[in-house]
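First comes the structure, then the notes that go with it.
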Amino acid sequence: MHPNALMLAVVLLGNLMLPFTSAQNEPKINASDQIVLPLETPAKPVTLHCNLTTAHTPHKDTFWMKNGNEISNTRADQRTTSFRISKPRADDSGEYMCVYTFEKAPNANATIEVKAKPHITHHKRSENKNEGENATMHCKSVGYPHPTWTWRKLDGESYKDIDNSTGRFFITSRDNYTELSILNLDITTDPGKYECNATNVIGNTAETTILRVRSHLAPLWPFLGVLAEIIILVVIIVVYEKRKRPDDIIEDDEPVGPAKTNSTNNHKDKNIRQRNTK
Amino acid sequence: MPPAAATNLGYKPPDGGWGWAVVFAAFISIGFSYAFPKSLTIYFKEIQEYFSVSYSEIAWVSSVMLASMYAGGPVSSMLVNRYGSRPVVMVGGLMVCTGMVLASFGTTIIHLYLCVGVIGGFGLAFNLQPALTIIGTYFQVKRPLANGLAMTGSPVVLSTLAPLNQFLFDSFGWRGSFLVLGSIVLNCCVAGALMRPVNKRAQSQPDNESSRSRGKASVEAASEDFSSPSANPLAEDIKNKSKCQSFVSRYIDLSLFTHRGFLIYLVGNVVMFFGFFAPIVFLAPYAKHQGTDEYSAALLLSIFALVDMFIRPVTGFIGNSKWIRPRIQYFFSFAVSYNGVCHLLCPLASGYGGLVVYAVFFGLAFGMLCALLFEVLMDLVGAHRFSSAVGLVTIIECGPVLLGPPISGALVDTFGDYKYMYYACGVFMLGPGIFLFIMHYYNYKKLDEEHRQRVAVEMRTSEEAVEFKMNPNEKTDNETQGETF
């Protein structure tokens, strides 16, 4: 054969081989697709799978991570690994990674996204404040991806967005937490139901908080009421007593016969009297 | 009947009739006095956040109120001795109301100390002493029962005020609640209106004239405080002596410190009060420490209060029975010792069931002790001197009452375990219990001796009087001869 043709064949073959060899240098992981947690009762268990299909160096072990933190008790040394969530809840959602470690090569990982509708875990049912004070309402949620928050106020039958023309409303939101602050409460416009709404790709949830504004004069009415009741009672008692008093004095003047007493002073008095009348 | 200084009232107490209305009035007064400081603790969290102070600074409000209530005892006693129960109770009610209303406008924590603590505390002191005193004037035969019923006011008012305070707090916030509470506490004025001074002249006596003069003498005696029956011939001397004495002793009887029974009571009580309140304060935290949840721990306190509420009148009734009444001091010593035994056995209680059993027995013990606490003092010193006695006792008890819970708290913190605190409280109660048993045995013997001596002297003098009456002429000659020497 011609020497040039032979060299060309080798180079072509080498080029064809190159992807294989470089592919063999990178481990290949077969992982589950992204999962959306059903969150209905009874919740069916969910399992995440990872399979190390090709690796040119033997791997040491494998473990799972959630949201950048290693999950304990998941270390194993098989090529296939799975992570089971037996009773999935909203806070089981997040970014899961199966990680394979190697002796002489960097770690390889695959990411599986577990998404769920946001679930509001913490909110105040009611908030009672005096007028002129500041009120704060908050909502806390769990779930991935992090929701976007909106606040609405129940106006009649429907919810309306909050009207901040007076400039007293402040909303601060972070990943899983939101806060609505109302400064200088107004007793006519501010009381009512406020709703925090958490929305992400999968769905949305909302919770309501009732805001009550107490007037400064509110406790005055019970105060005056009880005061009136007490004055009436005292007057009744004193009048009753004044009417009974004359009767008592009349009874006192009636002659009373000898009666038994166990006072030992009687002997003394009799003695004194007898001595005095001597 | 006990051979104590109880038969020298100078009139026969009604033992019924309007007395039961007075018991109801005392029920309200005593109830507010003891329950009001405890029920205010519901507001502390919010007030603490409002004024941005630490928990211990807020707890001072309760302590100042309790301290003022106990320290105001002697002042209250002096006023009762001078003016009677009714005006003092009404003034007390007005004072607490004023204190609470002023506190609702308070701007700093110091305002709360002054208004709720000092003014409120003194007002409650003006409620407590007169209520106890007036029972002694209206009841003699049924006095333990009346005392037991009146002392029931404390748990009943507490269990009424606790949910009421919570409701007021939710509706009005702490400022509004203080305003409304100020008006509610004015019910003490209504109670004061019911405390009609007992009619000392409308009682059956062998001779109206002598009873009137003796009635007047006893009214004066009430303000000048002499109590032994044999003191009638010495009445003149004592009147002169007390006029020379200082202003203070005119209104409060400091000679009580030479009274044997009073001293026994004082020493026993002062030691006992170190371990008195701490177990109640730490019952819920101890339960939570054992692992029960908040609601079950609160339920323990409710069980305790319920048992306490029912045992007080029952104890009064038992104390009134003819077997117990003459030796009621022993019953009291038994109640104190039983408390001590309860606390010593508490660390043995395991689990929530054990704690429930402990709460029931502790409720029994505490109720018995409280129902008898003032009855035995009345029994020892008599109704005339009771007002001064209770004033002196409360101001001296002020120390242990205030120091008790913090010392117990320090014990818990040092050892990290509640059982040492319970052992300490048990010892603080069992010790005085045994001391009281022994001392009262000795005291009863002495009183029996004195009673026998007195009866012998009276027999002799009445025999002489009979002879004198039979042979008046001979005796007068002898007497005049005697006088010319």
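Please note that chains go A, B, ... in the order of the structure tokens, that every chain numbers its residues from 1, and that ligands are numbered from 1 in the order shown.
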**OP:** Output as a PyMOL selection string all residues of segment 110-268 of chain A that backbone DSSP marks as helix (DSSP H, G or I).
**Re:** chain A and resi 220-253+265-268
Subject >> Contacts of Leu179 of chain B within 10 Å, only C-alpha atoms, excl. fewer than 5 positions in-chain, as number ranges by chain >> reply: A: 219-220, 222-224; B: 97-105, 172, 174, 184
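Between chain A and the residues B:Leu355, B:Cys370, B:Ile42, B:Ala25, the shortest atom-to-atom distance, using only C-alpha atoms, involves B:Ala25.
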**OP:** Would you kindly return, as a PyMOL selection string, each protein, DNA or RNA residue with an atom no farther than 9 Å from any atom of segment 322-338 of chain B, considering only C-alpha atoms and excluding same-chain residues fewer than 4 positions away?
**Re:** chain B and resi 1-3+144+272+318+342-343+362+365-366+368-369+372-373+375-376+379-380+426+429-437+440-441+444
Could you take the residues named above and write them with N, CA and C atoms, as a CSV table (one decimal), in the first residue's frame?
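The resulting again-v3.csv:
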```csv
chain,number,residue,atom,x,y,z
B,1,MET,N,-64.4,25.0,124.7
B,1,MET,CA,-63.8,26.2,124.2
B,1,MET,C,-62.3,26.3,124.5
B,2,PRO,N,-61.5,26.9,123.7
B,2,PRO,CA,-60.1,27.0,124.1
B,2,PRO,C,-59.9,28.0,125.2
B,3,PRO,N,-59.0,27.7,126.1
B,3,PRO,CA,-58.8,28.6,127.2
B,3,PRO,C,-57.9,29.8,126.7
B,144,PRO,N,-64.0,29.5,112.6
B,144,PRO,CA,-63.2,28.8,111.6
B,144,PRO,C,-63.9,28.6,110.3
B,272,MET,N,-41.6,29.2,107.7
B,272,MET,CA,-42.5,28.5,106.8
B,272,MET,C,-42.6,29.3,105.5
B,318,ILE,N,-64.3,21.6,109.1
B,318,ILE,CA,-63.7,20.7,110.0
B,318,ILE,C,-63.1,21.4,111.3
B,342,CYS,N,-45.4,16.7,101.5
B,342,CYS,CA,-45.8,16.7,100.1
B,342,CYS,C,-44.6,17.1,99.2
B,343,HIS,N,-43.9,18.2,99.7
B,343,HIS,CA,-42.8,18.7,98.9
B,343,HIS,C,-41.6,17.7,98.9
B,362,PHE,N,-50.9,18.6,96.9
B,362,PHE,CA,-50.4,19.9,97.2
B,362,PHE,C,-51.6,20.9,97.3
B,365,ALA,N,-53.1,20.4,100.7
B,365,ALA,CA,-52.2,20.9,101.7
B,365,ALA,C,-52.3,22.4,101.8
B,366,PHE,N,-52.2,23.0,100.6
B,366,PHE,CA,-52.1,24.5,100.5
B,366,PHE,C,-53.4,25.1,101.0
B,368,MET,N,-55.7,23.8,103.0
B,368,MET,CA,-55.8,23.6,104.4
B,368,MET,C,-55.1,24.7,105.2
B,369,LEU,N,-53.8,24.9,104.7
B,369,LEU,CA,-53.0,25.8,105.4
B,369,LEU,C,-53.5,27.2,105.3
B,372,LEU,N,-56.6,28.0,107.5
B,372,LEU,CA,-56.3,28.1,108.9
B,372,LEU,C,-55.4,29.2,109.3
B,373,LEU,N,-54.7,29.8,108.3
B,373,LEU,CA,-53.6,30.7,108.6
B,373,LEU,C,-54.0,31.8,109.6
B,375,GLU,N,-57.1,32.1,111.1
B,375,GLU,CA,-57.9,31.6,112.2
B,375,GLU,C,-57.1,31.3,113.4
B,376,VAL,N,-56.0,30.6,113.3
B,376,VAL,CA,-55.2,30.3,114.4
B,376,VAL,C,-54.6,31.5,115.1
B,379,ASP,N,-57.3,32.8,117.1
B,379,ASP,CA,-57.5,32.0,118.3
B,379,ASP,C,-56.5,32.3,119.4
B,380,LEU,N,-55.3,32.6,118.9
B,380,LEU,CA,-54.2,32.8,119.9
B,380,LEU,C,-54.3,34.2,120.6
B,426,GLY,N,-39.5,21.5,101.3
B,426,GLY,CA,-40.1,20.5,102.3
B,426,GLY,C,-39.5,20.7,103.7
B,429,MET,N,-40.9,23.7,105.5
B,429,MET,CA,-42.3,23.6,106.0
B,429,MET,C,-42.4,22.5,107.1
B,430,LEU,N,-41.7,21.4,106.9
B,430,LEU,CA,-41.8,20.4,107.9
B,430,LEU,C,-41.2,20.8,109.3
B,431,GLY,N,-40.0,21.5,109.2
B,431,GLY,CA,-39.4,22.0,110.4
B,431,GLY,C,-40.3,22.8,111.3
B,432,PRO,N,-40.9,24.0,110.7
B,432,PRO,CA,-41.8,24.7,111.5
B,432,PRO,C,-43.1,23.9,111.9
B,433,GLY,N,-43.5,23.0,111.1
B,433,GLY,CA,-44.6,22.2,111.5
B,433,GLY,C,-44.4,21.4,112.8
B,434,ILE,N,-43.2,20.8,112.9
B,434,ILE,CA,-42.9,20.0,114.1
B,434,ILE,C,-42.7,21.0,115.2
B,435,PHE,N,-42.0,22.1,115.0
B,435,PHE,CA,-41.8,23.2,116.0
B,435,PHE,C,-43.1,23.6,116.6
B,436,LEU,N,-44.1,23.9,115.7
B,436,LEU,CA,-45.4,24.4,116.1
B,436,LEU,C,-46.1,23.3,117.0
B,437,PHE,N,-46.0,22.0,116.6
B,437,PHE,CA,-46.6,21.0,117.4
B,437,PHE,C,-46.1,21.0,118.8
B,440,HIS,N,-46.9,24.3,120.8
B,440,HIS,CA,-48.3,24.5,121.1
B,440,HIS,C,-48.7,23.5,122.2
B,441,TYR,N,-48.1,22.3,122.2
B,441,TYR,CA,-48.4,21.4,123.3
B,441,TYR,C,-48.0,22.0,124.6
B,444,TYR,N,-50.5,25.0,125.3
B,444,TYR,CA,-51.8,24.6,125.7
B,444,TYR,C,-51.8,24.2,127.2
```
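The smallest atom-to-atom distance between chain A and any of B:Ser321, B:Thr394, B:Ser177, B:Asn443, using only C-alpha atoms, is found for B:Ser177.
Reported to one decimal place, the separation of atom CA of Pro38 of chain A from atom CA of Tyr159 of chain A is 27.9 Å.
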Original post:
What separation in Å, quoted to one decimal, exists between atom CA of Gly404 of chain B and atom CA of Val61 of chain B?
Top reply: 16.7 Å
I'd like the contact shell of segment 169-177 of chain A - 9 Å cut-off, only C-alpha atoms, skipping same-chain residues fewer than 3 positions apart - returned as a short mmCIF file (atom, residue, chain, number, x, y, z; two decimals) with C-alpha atoms, in the first residue's frame.
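Final output, part-v1.cif:
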```cif
data_model
loop_
_atom_site.label_atom_id
_atom_site.label_comp_id
_atom_site.auth_asym_id
_atom_site.auth_seq_id
_atom_site.Cartn_x
_atom_site.Cartn_y
_atom_site.Cartn_z
CA ILE A 120 -47.17 28.72 53.81
CA HIS A 138 -45.69 38.30 57.80
CA CYS A 139 -45.84 35.02 55.93
CA LYS A 140 -43.26 32.25 55.80
CA SER A 141 -43.21 29.44 53.24
CA VAL A 142 -41.35 26.29 52.25
CA GLY A 143 -40.99 24.96 48.73
CA HIS A 146 -38.76 30.18 45.77
CA PRO A 147 -42.05 32.01 45.25
CA THR A 148 -42.80 35.55 44.39
CA TRP A 149 -44.93 37.30 46.98
CA THR A 150 -47.89 39.61 46.59
CA TRP A 151 -50.14 41.20 49.20
CA ILE A 162 -52.99 47.41 48.24
CA ASP A 163 -53.39 51.07 47.62
CA ASN A 164 -50.26 52.83 48.76
CA SER A 165 -51.30 56.37 47.93
CA THR A 166 -50.81 57.35 51.55
CA LEU A 180 -46.15 43.87 55.20
CA SER A 181 -45.73 46.89 57.50
CA ILE A 182 -48.41 49.52 57.93
CA LEU A 183 -47.34 52.70 59.71
CA ALA A 198 -46.96 32.94 47.15
#
```
**OP:** Pick out each residue of segment 12-255 of chain A that DSSP on the backbone tags as strand (DSSP E); I need them as a ChimeraX atom specification.
**Re:** /A:28-31,35-36,46-54,59-66,69-70,80-85,94-102,108-115,119-123,126-130,135-142,148-155,158-161,169-173,177-182,192-199,204-214
Selection from above, C-alpha atoms, as a tab-separated table (two decimals), in the first residue's frame, can you write it?
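What landed in out-v1.tsv:
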```
chain	number	residue	atom	x	y	z
A	28	LYS	CA	-21.49	9.62	32.34
A	29	ILE	CA	-24.42	9.65	34.71
A	30	ASN	CA	-27.92	8.73	33.85
A	31	ALA	CA	-30.28	10.63	36.20
A	35	ILE	CA	-40.03	15.73	39.48
A	36	VAL	CA	-43.04	17.70	40.62
A	46	VAL	CA	-41.01	9.53	45.23
A	47	THR	CA	-37.62	8.04	44.28
A	48	LEU	CA	-34.68	9.74	42.56
A	49	HIS	CA	-32.29	7.54	40.57
A	50	CYS	CA	-28.72	8.02	39.40
A	51	ASN	CA	-26.74	5.49	37.35
A	52	LEU	CA	-23.05	5.84	36.58
A	53	THR	CA	-22.98	4.39	33.08
A	54	THR	CA	-19.38	4.95	32.05
A	59	HIS	CA	-15.23	5.36	41.64
A	60	LYS	CA	-14.82	5.57	45.39
A	61	ASP	CA	-18.34	6.23	46.64
A	62	THR	CA	-21.48	8.17	46.02
A	63	PHE	CA	-23.76	10.40	48.06
A	64	TRP	CA	-26.68	12.76	47.68
A	65	MET	CA	-26.85	16.49	48.31
A	66	LYS	CA	-29.84	18.77	48.74
A	69	ASN	CA	-25.70	20.34	51.70
A	70	GLU	CA	-24.86	16.66	51.99
A	80	THR	CA	-26.54	2.93	40.83
A	81	THR	CA	-27.88	4.95	43.66
A	82	SER	CA	-31.34	6.12	44.53
A	83	PHE	CA	-32.85	8.44	47.11
A	84	ARG	CA	-36.38	7.75	48.35
A	85	ILE	CA	-38.71	10.36	49.81
A	94	GLY	CA	-35.29	21.55	46.26
A	95	GLU	CA	-32.22	20.94	44.11
A	96	TYR	CA	-30.94	17.40	44.60
A	97	MET	CA	-27.56	16.21	43.34
A	98	CYS	CA	-26.10	12.73	43.21
A	99	VAL	CA	-22.35	12.98	43.56
A	100	TYR	CA	-19.77	10.36	42.55
A	101	THR	CA	-16.27	10.63	43.96
A	102	PHE	CA	-13.21	9.19	42.19
A	108	ALA	CA	-19.01	14.08	39.01
A	109	ASN	CA	-22.58	14.98	39.74
A	110	ALA	CA	-26.01	15.21	38.20
A	111	THR	CA	-28.77	17.57	39.31
A	112	ILE	CA	-32.40	16.60	39.72
A	113	GLU	CA	-34.87	19.37	40.47
A	114	VAL	CA	-37.74	18.46	42.77
A	115	LYS	CA	-40.35	21.14	42.55
A	119	HIS	CA	-46.72	25.91	51.29
A	120	ILE	CA	-47.17	28.72	53.81
A	121	THR	CA	-46.02	27.47	57.18
A	122	HIS	CA	-46.20	30.54	59.33
A	123	HIS	CA	-48.60	33.45	59.39
A	126	SER	CA	-54.95	38.17	63.63
A	127	GLU	CA	-53.23	41.33	64.62
A	128	ASN	CA	-54.71	43.77	67.14
A	129	LYS	CA	-53.18	47.20	67.44
A	130	ASN	CA	-54.23	50.61	68.68
A	135	ALA	CA	-48.69	46.87	62.45
A	136	THR	CA	-46.58	44.12	60.86
A	137	MET	CA	-47.94	41.04	59.13
A	138	HIS	CA	-45.69	38.30	57.80
A	139	CYS	CA	-45.84	35.02	55.93
A	140	LYS	CA	-43.26	32.25	55.80
A	141	SER	CA	-43.21	29.44	53.24
A	142	VAL	CA	-41.35	26.29	52.25
A	148	THR	CA	-42.80	35.55	44.39
A	149	TRP	CA	-44.93	37.30	46.98
A	150	THR	CA	-47.89	39.61	46.59
A	151	TRP	CA	-50.14	41.20	49.20
A	152	ARG	CA	-53.82	41.96	48.69
A	153	LYS	CA	-56.62	43.34	50.84
A	154	LEU	CA	-60.15	41.94	50.90
A	155	ASP	CA	-62.46	44.71	49.83
A	158	SER	CA	-62.97	40.53	46.01
A	159	TYR	CA	-59.36	41.06	46.74
A	160	LYS	CA	-57.76	44.25	45.61
A	161	ASP	CA	-54.14	45.21	45.44
A	169	PHE	CA	-47.40	50.53	53.39
A	170	PHE	CA	-44.05	48.78	53.09
A	171	ILE	CA	-43.49	45.29	51.72
A	172	THR	CA	-40.17	43.46	52.14
A	173	SER	CA	-39.75	40.00	50.63
A	177	TYR	CA	-40.40	35.20	53.80
A	178	THR	CA	-42.43	38.33	53.29
A	179	GLU	CA	-43.52	41.16	55.55
A	180	LEU	CA	-46.15	43.87	55.20
A	181	SER	CA	-45.73	46.89	57.50
A	182	ILE	CA	-48.41	49.52	57.93
A	192	GLY	CA	-59.79	44.20	57.35
A	193	LYS	CA	-58.40	40.95	55.90
A	194	TYR	CA	-55.01	40.99	54.28
A	195	GLU	CA	-53.83	38.12	52.07
A	196	CYS	CA	-50.26	37.11	51.30
A	197	ASN	CA	-49.96	35.16	48.04
A	198	ALA	CA	-46.96	32.94	47.15
A	199	THR	CA	-46.63	32.00	43.46
A	204	ASN	CA	-49.74	29.32	44.31
A	205	THR	CA	-51.07	29.42	47.87
A	206	ALA	CA	-52.38	32.24	50.00
A	207	GLU	CA	-53.20	32.88	53.68
A	208	THR	CA	-55.18	35.70	55.30
A	209	THR	CA	-54.50	37.74	58.38
A	210	ILE	CA	-57.19	39.84	60.05
A	211	LEU	CA	-56.08	43.29	61.13
A	212	ARG	CA	-58.09	44.98	63.89
A	213	VAL	CA	-57.48	48.55	64.96
A	214	ARG	CA	-58.54	49.49	68.47
```
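Distances here use only C-alpha atoms; by that measure, the residue among A:Ala76, A:Ile202, A:Leu217, A:Ala5 closest to Ala90 of chain A is A:Ile202.
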Original post:
Within 10 Å of Val281 of chain B, counting only C-alpha atoms, which residues qualify if same-chain residues fewer than 6 places away don't, as a PyMOL selection string?
Top reply: chain B and resi 301+405+408-409
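Rounded to one decimal, atom CA of Ala105 of chain A and atom CA of Val11 of chain A lie 28.6 Å from each other.
For the residues B:Ser56, B:Ile47, B:Asn81, B:Val360, ranking by smallest atom-to-atom distance to Pro406 of chain B using only C-alpha atoms places B:Ser56 first.
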